[in-house]
Amino acid sequence: MGEKKYTEEHEWVQLSGEIATVGITNHAQESLGDIVFVDLPTLGKEVKAKEELCVIESVKAASDIYSPLDGEVTEINDNLSNDASIVNQDAENEGWIFKIKVSNPDQYNTLMSLDQYLEFLDK
Amino acid sequence: MTEEALKNIYLKDFHKKNDAKFAPFAGYDMPINYKKGIINEHLHVRNHTGIFDVSHMGQILIPFNEENILALEAYIPLNIKKIISNKCHYSFILNSNGGIVDDIMISKIKFDNNEFVYIVYNSSRKQILNKIFNATISNFKIFEDRCLIAIQGPESFSSINSILNLPASMNFLNIQILQYDDNDLFISRSGYTGEDGFEISISNNKAEKLISDILNNNNVILCGLGCRDSLRVEAGLSLYGNEINEDINPIQAGLSWALDKNRLQDHNLNGSQILSKELSSIPSVNKIGLSPINKIMLRNQMTIHNNNKEEIGFITSGCYSPILKKSIGIGYINKLSNISEKKYVNVRDQYEEIKLEKIPFVKKNYKKGD
């Protein structure tokens with residue numbers, strides 16, 4: 001597995017071969033507060049980077065989750081349908097949301113490293 | 001509103017020290033939740049007890065005399081002359097159409113050997129109410145120097161009784177003046193969560209000490225406005241700006257129980273003729289409780305639709321209910337809509353089926369007299 005990359009929309013991405021696993025960052029789950037539902041994307045859906053793909057509902061508000069990369073949704077984290085609070089408990093591991101088969105791997109290198117993301121948060 | 005324009009409550013630093021997350025509410029930078037989060041705080045109030053700082057709310061003390069009563073009775077649908085001492089009433093400030101300028105808690109209390117009307121009102125309506133008070137009544141005192149602290153939950157009596165030695169007769173909606181640390185407290189058995197509880201008006205400089213004393217009880221935690229909102233929705237209570245506003249009257253809002261019906265015959269009351277007529281006719285809108293069939297969230301201002309996807313109403317308050325473990329909402333539908341027909345809400349342009357629910361969603365737990 002490659003190192004985790006981050007987006008300005010507070011998602012993390014981890015690439016393994018041509019499959020990218022995507023979730024929201026720990027910072028994102030903290031600012032959203034208690035997450036109650038995750039409206040998971042449809043399997044097989046083709047997306048472009050920065051397109052809205054699904055929605056996370058916290059007690060406070062609904063937040064769009066964007067696809068960080070071009071690709072096709074190959075897997076979704078069904079555990080979240082039963083217990084969305086997994087995202088609060090473990091946003092960057094067990095709380096992953098979907099996986100996509102990437103069609104444009106070069107995009108991965110344009111995302112932020114952890115250091116860059118932390119710097120971005122400080123701004 | 002810019003951040004600079006936000007007002008601070010007196011104990012802001014105290015809440016900061018206790019890891020509160022803040023957000024703007026009605027012009028104030030208010031604690032929304034603490035470390036445990038909204039759902040945990042909500043459940044803690046239902047199962048134990050929580051403390052809320054609601055010092056953003058308006059408080060006014062008005063001398064109980066003929067001129068002031070006459071002036072207040074033009075706006076408030078209560079027989080204020082006859083209200084008994086030491087009891088709070090839920091009521092309204094009405095405009096000339098009978099629309100709700102604000103919803104208030106009003107009581108008559110004796111303080112320093114004089115009788116007063118004490119009113120607690122919404123922070124979002126301070127400006128407009130203070131203008132009305134300034135124009136119509138005299139010698140009043142708006143409490144800028146007092147905090148308002150709510151203690152809510154089934155353990156609220158035991159958590160404050162050891163500190164304040166509450167009178168045994170103090171039941172739901174009773175209000176008393178008690179001494180604490182050489183200071184007069186206005187304490188009422190009330191709140192806005194559907195639980196047993198108290199609201200305490202206390203001098204700014206004693207408030208932190210009182211809160212700390214209460215927090216010494218095991219199982220009492222600080223709670224923010226986030227869970228106060230989901231608690232009041234579960235309890236089916238109206239919030240100004242959501243269920244009620246100047247364009248809706250108490251009857252349309254399903255709050256006619258709070259009107260003194262005799263006052264509707266009194267021309268001195270704003271909108272009395274309109275309200276009197278409204279009371280004897282079919283209401284133009286129905287207030288409903290609702291919940292979604294699927295796992296979605298109901299949010300304020302979502303539209304409600306019939307089978308033909310025609311708009312028949314809207315949601316005034318939507319939230320997640322930690323007790324029912326699903327989303328719930330309050331809304332209005334127009335009177336012509338068929339109650340038994342399937343209904344939907346528009347969630348991001350998808351029509352999601354909803355079902356009607358009884359209000360309140362959760363049984364109220366007030367301490368009424370025997």
# chains A, B, ... in the order shown; residues from 1 in each chain; ligands from 1
>>> interface_residues(of="chain B", to="chain A", cutoff="9 Å", atoms="only C-alpha atoms", output="list in words")
Gly37, Ile38, Ile39, Gly226, Ser230, Lys295, Ile296, Met297, Arg299, Cys319, Tyr320, Lys325 and Lys326 of chain B
>>> write_last_selection(atoms="C-alpha atoms", output="PDB file, in the first residue's frame")
ATOM      1  CA  GLY B  37     -20.535  15.259  21.679  1.00  0.00           C
ATOM      2  CA  ILE B  38     -24.175  16.050  21.017  1.00  0.00           C
ATOM      3  CA  ILE B  39     -25.574  12.495  21.117  1.00  0.00           C
ATOM      4  CA  GLY B 226     -26.760  21.174  20.034  1.00  0.00           C
ATOM      5  CA  SER B 230     -32.689  17.641  19.637  1.00  0.00           C
ATOM      6  CA  LYS B 295     -32.120   6.078   6.806  1.00  0.00           C
ATOM      7  CA  ILE B 296     -32.047   9.739   5.886  1.00  0.00           C
ATOM      8  CA  MET B 297     -31.957  12.961   7.851  1.00  0.00           C
ATOM      9  CA  ARG B 299     -33.646  18.984   8.023  1.00  0.00           C
ATOM     10  CA  CYS B 319     -32.898  16.383  13.696  1.00  0.00           C
ATOM     11  CA  TYR B 320     -31.532  13.015  14.735  1.00  0.00           C
ATOM     12  CA  LYS B 325     -32.233   6.224  16.821  1.00  0.00           C
ATOM     13  CA  LYS B 326     -33.664   7.771  13.680  1.00  0.00           C
TER      14      LYS B 326
END
>>> select_by_dssp(residues="region 69-188 of chain B", states="alpha helix (DSSP H)", output="ChimeraX atom specification")
/B:69-73,126-136,156-164
>>> residues_around(residues="region 118-135 of chain B", least_positions_apart="3", cutoff="10 Å", atoms="only C-alpha atoms", output="PyMOL selection string")
chain B and resi 25-28+54-64+68+71-72+75+88-93+101-110+115+138-143+148+186+201+239-241
>>> write_last_selection(atoms="N, CA and C atoms", output="compact mmCIF listing (two decimals), in the first residue's frame")
# COMPACT_ATOMS: atom_id res chain seq x y z
N PHE B 25 -25.21 31.60 17.52
CA PHE B 25 -26.65 31.33 17.65
C PHE B 25 -27.33 32.60 18.14
N ALA B 26 -28.27 33.08 17.37
CA ALA B 26 -29.05 34.27 17.73
C ALA B 26 -28.16 35.44 18.16
N GLY B 27 -27.06 35.62 17.44
CA GLY B 27 -26.21 36.77 17.71
C GLY B 27 -25.17 36.55 18.78
N TYR B 28 -25.15 35.36 19.38
CA TYR B 28 -24.18 35.06 20.43
C TYR B 28 -23.27 33.91 20.00
N VAL B 54 -27.75 29.20 29.28
CA VAL B 54 -28.64 29.84 28.30
C VAL B 54 -28.75 31.34 28.60
N SER B 55 -27.59 31.89 28.97
CA SER B 55 -27.54 33.31 29.36
C SER B 55 -27.74 34.27 28.19
N HIS B 56 -27.80 33.71 26.98
CA HIS B 56 -28.11 34.57 25.84
C HIS B 56 -29.56 35.04 25.88
N MET B 57 -30.39 34.35 26.63
CA MET B 57 -31.82 34.68 26.65
C MET B 57 -32.07 35.99 27.40
N GLY B 58 -33.16 36.64 27.04
CA GLY B 58 -33.51 37.90 27.68
C GLY B 58 -34.24 37.67 28.99
N GLN B 59 -33.98 38.52 29.97
CA GLN B 59 -34.69 38.46 31.25
C GLN B 59 -35.07 39.89 31.62
N ILE B 60 -36.31 40.08 32.03
CA ILE B 60 -36.75 41.42 32.41
C ILE B 60 -37.63 41.34 33.66
N LEU B 61 -37.48 42.33 34.54
CA LEU B 61 -38.26 42.43 35.76
C LEU B 61 -39.07 43.73 35.67
N ILE B 62 -40.39 43.59 35.74
CA ILE B 62 -41.28 44.73 35.49
C ILE B 62 -42.16 44.96 36.72
N PRO B 63 -42.18 46.16 37.30
CA PRO B 63 -43.05 46.42 38.45
C PRO B 63 -44.51 46.07 38.13
N PHE B 64 -45.13 45.33 39.07
CA PHE B 64 -46.51 44.87 38.87
C PHE B 64 -47.46 46.00 39.27
N ASN B 68 -48.48 49.18 33.85
CA ASN B 68 -47.65 48.17 33.19
C ASN B 68 -48.46 46.95 32.77
N ALA B 71 -50.50 47.68 29.72
CA ALA B 71 -49.62 47.72 28.54
C ALA B 71 -49.21 46.30 28.11
N LEU B 72 -48.87 45.47 29.08
CA LEU B 72 -48.45 44.10 28.75
C LEU B 72 -49.61 43.29 28.19
N TYR B 75 -50.27 42.87 24.54
CA TYR B 75 -49.40 41.98 23.76
C TYR B 75 -49.48 40.52 24.19
N CYS B 88 -45.02 29.97 36.72
CA CYS B 88 -44.65 30.41 35.37
C CYS B 88 -45.73 30.01 34.37
N HIS B 89 -45.93 30.87 33.40
CA HIS B 89 -46.86 30.57 32.31
C HIS B 89 -46.10 30.67 30.99
N TYR B 90 -46.35 29.70 30.13
CA TYR B 90 -45.83 29.80 28.76
C TYR B 90 -46.81 30.68 27.99
N SER B 91 -46.33 31.74 27.39
CA SER B 91 -47.23 32.62 26.66
C SER B 91 -46.51 33.28 25.48
N PHE B 92 -47.10 34.35 24.96
CA PHE B 92 -46.59 34.96 23.73
C PHE B 92 -46.62 36.48 23.83
N ILE B 93 -45.81 37.11 23.01
CA ILE B 93 -45.98 38.52 22.66
C ILE B 93 -46.59 38.48 21.26
N VAL B 101 -44.74 37.39 18.00
CA VAL B 101 -43.51 38.19 18.00
C VAL B 101 -42.44 37.46 18.81
N ASP B 102 -42.91 36.74 19.84
CA ASP B 102 -41.99 35.90 20.62
C ASP B 102 -42.82 34.96 21.49
N ASP B 103 -42.20 33.85 21.87
CA ASP B 103 -42.81 33.03 22.93
C ASP B 103 -41.99 33.24 24.20
N ILE B 104 -42.67 33.30 25.32
CA ILE B 104 -42.04 33.74 26.57
C ILE B 104 -42.45 32.86 27.74
N MET B 105 -41.69 32.96 28.83
CA MET B 105 -42.13 32.44 30.12
C MET B 105 -42.38 33.66 31.01
N ILE B 106 -43.56 33.73 31.58
CA ILE B 106 -43.93 34.90 32.37
C ILE B 106 -44.43 34.45 33.73
N SER B 107 -44.03 35.19 34.78
CA SER B 107 -44.50 34.86 36.13
C SER B 107 -44.60 36.13 36.96
N LYS B 108 -45.31 35.98 38.08
CA LYS B 108 -45.40 37.10 39.04
C LYS B 108 -44.64 36.67 40.29
N ILE B 109 -43.69 37.50 40.70
CA ILE B 109 -42.92 37.14 41.89
C ILE B 109 -42.72 38.34 42.80
N LYS B 110 -42.55 38.05 44.08
CA LYS B 110 -42.27 39.10 45.06
C LYS B 110 -40.77 39.17 45.27
N GLU B 115 -44.00 43.51 44.20
CA GLU B 115 -44.40 42.50 43.22
C GLU B 115 -43.92 42.89 41.83
N SER B 138 -42.88 51.01 32.16
CA SER B 138 -41.90 51.88 32.83
C SER B 138 -41.28 51.22 34.06
N ASN B 139 -40.12 51.76 34.42
CA ASN B 139 -39.36 51.34 35.61
C ASN B 139 -38.94 49.88 35.59
N PHE B 140 -38.81 49.32 34.42
CA PHE B 140 -38.40 47.91 34.34
C PHE B 140 -36.89 47.80 34.40
N LYS B 141 -36.43 46.57 34.65
CA LYS B 141 -34.98 46.33 34.65
C LYS B 141 -34.68 45.13 33.77
N ILE B 142 -33.92 45.35 32.71
CA ILE B 142 -33.47 44.23 31.88
C ILE B 142 -32.19 43.69 32.51
N PHE B 143 -32.19 42.40 32.78
CA PHE B 143 -31.04 41.79 33.47
C PHE B 143 -29.89 41.53 32.51
N LEU B 148 -28.37 32.87 33.00
CA LEU B 148 -29.50 31.96 33.11
C LEU B 148 -28.95 30.54 32.87
N PHE B 186 -33.39 33.52 41.12
CA PHE B 186 -34.74 33.24 40.64
C PHE B 186 -34.68 31.82 40.09
N SER B 201 -31.82 31.97 37.43
CA SER B 201 -31.26 33.27 37.10
C SER B 201 -30.37 33.69 38.25
N LEU B 239 -39.75 26.12 18.55
CA LEU B 239 -38.63 27.05 18.66
C LEU B 239 -38.93 28.27 17.82
N TYR B 240 -38.69 29.45 18.41
CA TYR B 240 -38.93 30.68 17.66
C TYR B 240 -38.01 30.72 16.44
N GLY B 241 -38.59 31.06 15.28
CA GLY B 241 -37.81 31.09 14.05
C GLY B 241 -37.93 29.79 13.27
>>> residues_around(residues="Trp96 (chain A)", least_positions_apart="5", cutoff="10 Å", atoms="only C-alpha atoms", output="list in words")
Glu11, Trp12, Val13, Thr21, Val22, Gly23, Ile24, Thr25, Ile76, Asn77, Asn79, Leu80, Ile86, Val87, Asp90 and Ala91 of chain A
>>> atom_distance(atom1="CA of Glu75 (chain A)", atom2="CA of Pro41 (chain A)")
9.1 Å
>>> residues_around(residues="region 332-336 of chain B", least_positions_apart="3", cutoff="9 Å", atoms="only C-alpha atoms", output="PyMOL selection string")
chain B and resi 243+253+282-289+304+311-316+339
>>> write_last_selection(atoms="C-alpha atoms", output="short mmCIF file (atom, residue, chain, number, x, y, z; two decimals), in the first residue's frame")
data_model
loop_
_atom_site.label_atom_id
_atom_site.label_comp_id
_atom_site.auth_asym_id
_atom_site.auth_seq_id
_atom_site.Cartn_x
_atom_site.Cartn_y
_atom_site.Cartn_z
CA GLU B 243 -42.14 26.51 14.21
CA ALA B 253 -48.94 26.63 15.60
CA ILE B 282 -60.79 24.84 10.73
CA PRO B 283 -57.08 25.65 11.12
CA SER B 284 -55.41 26.67 7.86
CA VAL B 285 -52.38 24.49 8.55
CA ASN B 286 -51.73 21.36 10.59
CA LYS B 287 -48.64 20.88 12.69
CA ILE B 288 -47.35 17.32 12.24
CA GLY B 289 -44.61 15.09 13.58
CA ILE B 304 -43.22 17.94 2.11
CA GLU B 311 -45.77 20.54 -2.36
CA ILE B 312 -48.12 20.43 0.64
CA GLY B 313 -45.90 21.71 3.42
CA PHE B 314 -42.44 21.99 4.88
CA ILE B 315 -40.30 20.90 7.79
CA THR B 316 -39.70 23.45 10.53
CA ILE B 339 -53.73 12.78 6.05
#
>>> select_by_dssp(residues="chain A", states="strand (DSSP E or B)", output="PyMOL selection string")
chain A and resi 5-6+11-16+19-24+35-39+46-47+52-58+62-66+71-76+98-102+112
>>> write_last_selection(atoms="C-alpha atoms", output="CSV table (one decimal), in the first residue's frame")
chain,number,residue,atom,x,y,z
A,5,LYS,CA,-2.7,11.3,0.5
A,6,TYR,CA,-5.1,14.0,1.4
A,11,GLU,CA,-10.6,13.1,2.5
A,12,TRP,CA,-7.8,10.6,2.7
A,13,VAL,CA,-6.9,8.3,-0.2
A,14,GLN,CA,-4.7,5.2,-0.1
A,15,LEU,CA,-3.7,3.5,-3.3
A,16,SER,CA,-3.0,-0.2,-3.6
A,19,ILE,CA,-7.6,0.4,-6.2
A,20,ALA,CA,-7.9,3.6,-4.1
A,21,THR,CA,-9.5,3.4,-0.6
A,22,VAL,CA,-11.2,6.7,0.4
A,23,GLY,CA,-12.5,8.1,3.7
A,24,ILE,CA,-12.7,11.4,5.6
A,35,ILE,CA,-22.1,11.1,12.3
A,36,VAL,CA,-25.5,9.4,12.1
A,37,PHE,CA,-25.9,8.3,8.5
A,38,VAL,CA,-23.6,7.7,5.5
A,39,ASP,CA,-25.4,7.7,2.2
A,46,GLU,CA,-18.2,6.1,-12.7
A,47,VAL,CA,-16.9,9.4,-11.3
A,52,GLU,CA,-19.9,14.7,-5.4
A,53,LEU,CA,-20.2,11.0,-4.8
A,54,CYS,CA,-22.0,10.5,-1.5
A,55,VAL,CA,-23.2,12.4,1.6
A,56,ILE,CA,-22.4,12.1,5.2
A,57,GLU,CA,-25.1,13.3,7.7
A,58,SER,CA,-23.9,14.4,11.1
A,62,ALA,CA,-25.1,17.1,5.7
A,63,SER,CA,-21.7,17.1,4.0
A,64,ASP,CA,-20.9,16.1,0.4
A,65,ILE,CA,-18.1,13.6,-0.1
A,66,TYR,CA,-16.2,14.1,-3.3
A,71,GLY,CA,-12.5,6.0,-11.6
A,72,GLU,CA,-15.3,3.5,-10.9
A,73,VAL,CA,-16.7,2.6,-7.5
A,74,THR,CA,-15.8,-1.1,-6.8
A,75,GLU,CA,-16.6,-1.5,-3.1
A,76,ILE,CA,-18.5,0.3,-0.4
A,98,PHE,CA,-15.6,3.5,-0.6
A,99,LYS,CA,-13.0,2.1,-3.0
A,100,ILE,CA,-12.5,3.1,-6.6
A,101,LYS,CA,-10.7,1.5,-9.5
A,102,VAL,CA,-8.7,4.5,-10.7
A,112,MET,CA,-1.4,16.4,-0.6
>>> residues_around(residues="region 213-217 of chain B", least_positions_apart="5", cutoff="12 Å", atoms="only C-alpha atoms", output="list in words")
Asn18, His48, Thr49, Gly50, Ile51, Phe52, Ile149, Ala150, Ile151, Gln152, Glu155, Ser156, Phe157, Ser158, Ser159, Ile160, Asn161, Ser162, Ile163, Leu164, Tyr180, Asp181, Lys206, Ala207, Glu208, Leu222 and Cys223 of chain B
>>> residues_around(residues="His267 (chain B)", least_positions_apart="2", cutoff="12 Å", atoms="only C-alpha atoms", output="number ranges by chain")
B: 70, 73-75, 77, 96, 98, 262-265, 269-276
>>> write_last_selection(atoms="N, CA and C atoms", output="mmCIF file, in the first residue's frame")
data_model
loop_
_atom_site.group_PDB
_atom_site.id
_atom_site.type_symbol
_atom_site.label_atom_id
_atom_site.label_comp_id
_atom_site.auth_asym_id
_atom_site.auth_seq_id
_atom_site.Cartn_x
_atom_site.Cartn_y
_atom_site.Cartn_z
ATOM 1 N N LEU B 70 -51.675 46.787 32.067
ATOM 2 C CA LEU B 70 -52.517 47.146 30.925
ATOM 3 C C LEU B 70 -51.682 47.133 29.633
ATOM 4 N N GLU B 73 -50.796 43.533 28.735
ATOM 5 C CA GLU B 73 -51.963 42.752 28.289
ATOM 6 C C GLU B 73 -52.366 43.066 26.851
ATOM 7 N N ALA B 74 -51.849 44.147 26.289
ATOM 8 C CA ALA B 74 -52.113 44.424 24.874
ATOM 9 C C ALA B 74 -51.346 43.434 24.001
ATOM 10 N N TYR B 75 -50.269 42.871 24.536
ATOM 11 C CA TYR B 75 -49.399 41.983 23.762
ATOM 12 C C TYR B 75 -49.476 40.520 24.192
ATOM 13 N N PRO B 77 -51.465 37.218 25.712
ATOM 14 C CA PRO B 77 -52.818 36.661 25.828
ATOM 15 C C PRO B 77 -53.073 35.941 27.155
ATOM 16 N N SER B 96 -50.260 42.765 15.847
ATOM 17 C CA SER B 96 -51.647 43.181 15.659
ATOM 18 C C SER B 96 -52.464 42.160 14.858
ATOM 19 N N GLY B 98 -52.164 38.947 15.532
ATOM 20 C CA GLY B 98 -52.160 37.737 16.359
ATOM 21 C C GLY B 98 -50.962 36.854 16.088
ATOM 22 N N ASN B 262 -60.612 33.772 27.390
ATOM 23 C CA ASN B 262 -61.396 34.973 27.716
ATOM 24 C C ASN B 262 -60.761 36.238 27.145
ATOM 25 N N ARG B 263 -59.447 36.224 27.079
ATOM 26 C CA ARG B 263 -58.757 37.419 26.576
ATOM 27 C C ARG B 263 -59.012 37.633 25.076
ATOM 28 N N LEU B 264 -59.478 36.591 24.372
ATOM 29 C CA LEU B 264 -59.735 36.742 22.934
ATOM 30 C C LEU B 264 -60.964 37.616 22.677
ATOM 31 N N GLN B 265 -61.746 37.874 23.737
ATOM 32 C CA GLN B 265 -62.891 38.776 23.607
ATOM 33 C C GLN B 265 -62.495 40.207 23.955
ATOM 34 N N LEU B 269 -56.333 43.280 23.485
ATOM 35 C CA LEU B 269 -55.296 42.309 23.103
ATOM 36 C C LEU B 269 -55.050 42.357 21.599
ATOM 37 N N ASN B 270 -53.790 42.511 21.217
ATOM 38 C CA ASN B 270 -53.408 42.483 19.800
ATOM 39 C C ASN B 270 -53.988 41.244 19.108
ATOM 40 N N GLY B 271 -54.665 41.450 17.968
ATOM 41 C CA GLY B 271 -55.114 40.329 17.151
ATOM 42 C C GLY B 271 -56.226 39.501 17.763
ATOM 43 N N SER B 272 -56.891 40.017 18.811
ATOM 44 C CA SER B 272 -57.884 39.191 19.507
ATOM 45 C C SER B 272 -59.018 38.739 18.576
ATOM 46 N N GLN B 273 -59.456 39.645 17.682
ATOM 47 C CA GLN B 273 -60.561 39.257 16.797
ATOM 48 C C GLN B 273 -60.138 38.172 15.810
ATOM 49 N N ILE B 274 -58.950 38.333 15.282
ATOM 50 C CA ILE B 274 -58.431 37.331 14.330
ATOM 51 C C ILE B 274 -58.290 35.972 15.026
ATOM 52 N N LEU B 275 -57.735 35.997 16.232
ATOM 53 C CA LEU B 275 -57.525 34.744 16.962
ATOM 54 C C LEU B 275 -58.856 34.102 17.329
ATOM 55 N N SER B 276 -59.815 34.934 17.730
ATOM 56 C CA SER B 276 -61.124 34.437 18.109
ATOM 57 C C SER B 276 -61.797 33.737 16.922
#
>>> atom_distance(atom1="CA of Leu259 (chain B)", atom2="CA of Asn79 (chain B)")
9.7 Å
>>> atom_distance(atom1="CA of Glu144 (chain B)", atom2="CA of Asp53 (chain B)")
14.5 Å
>>> closest_residue(among="B:Asn268, B:Asn8, B:Ser169, B:Ser203", to="Leu78 (chain B)", atoms="only C-alpha atoms")
B:Asn268
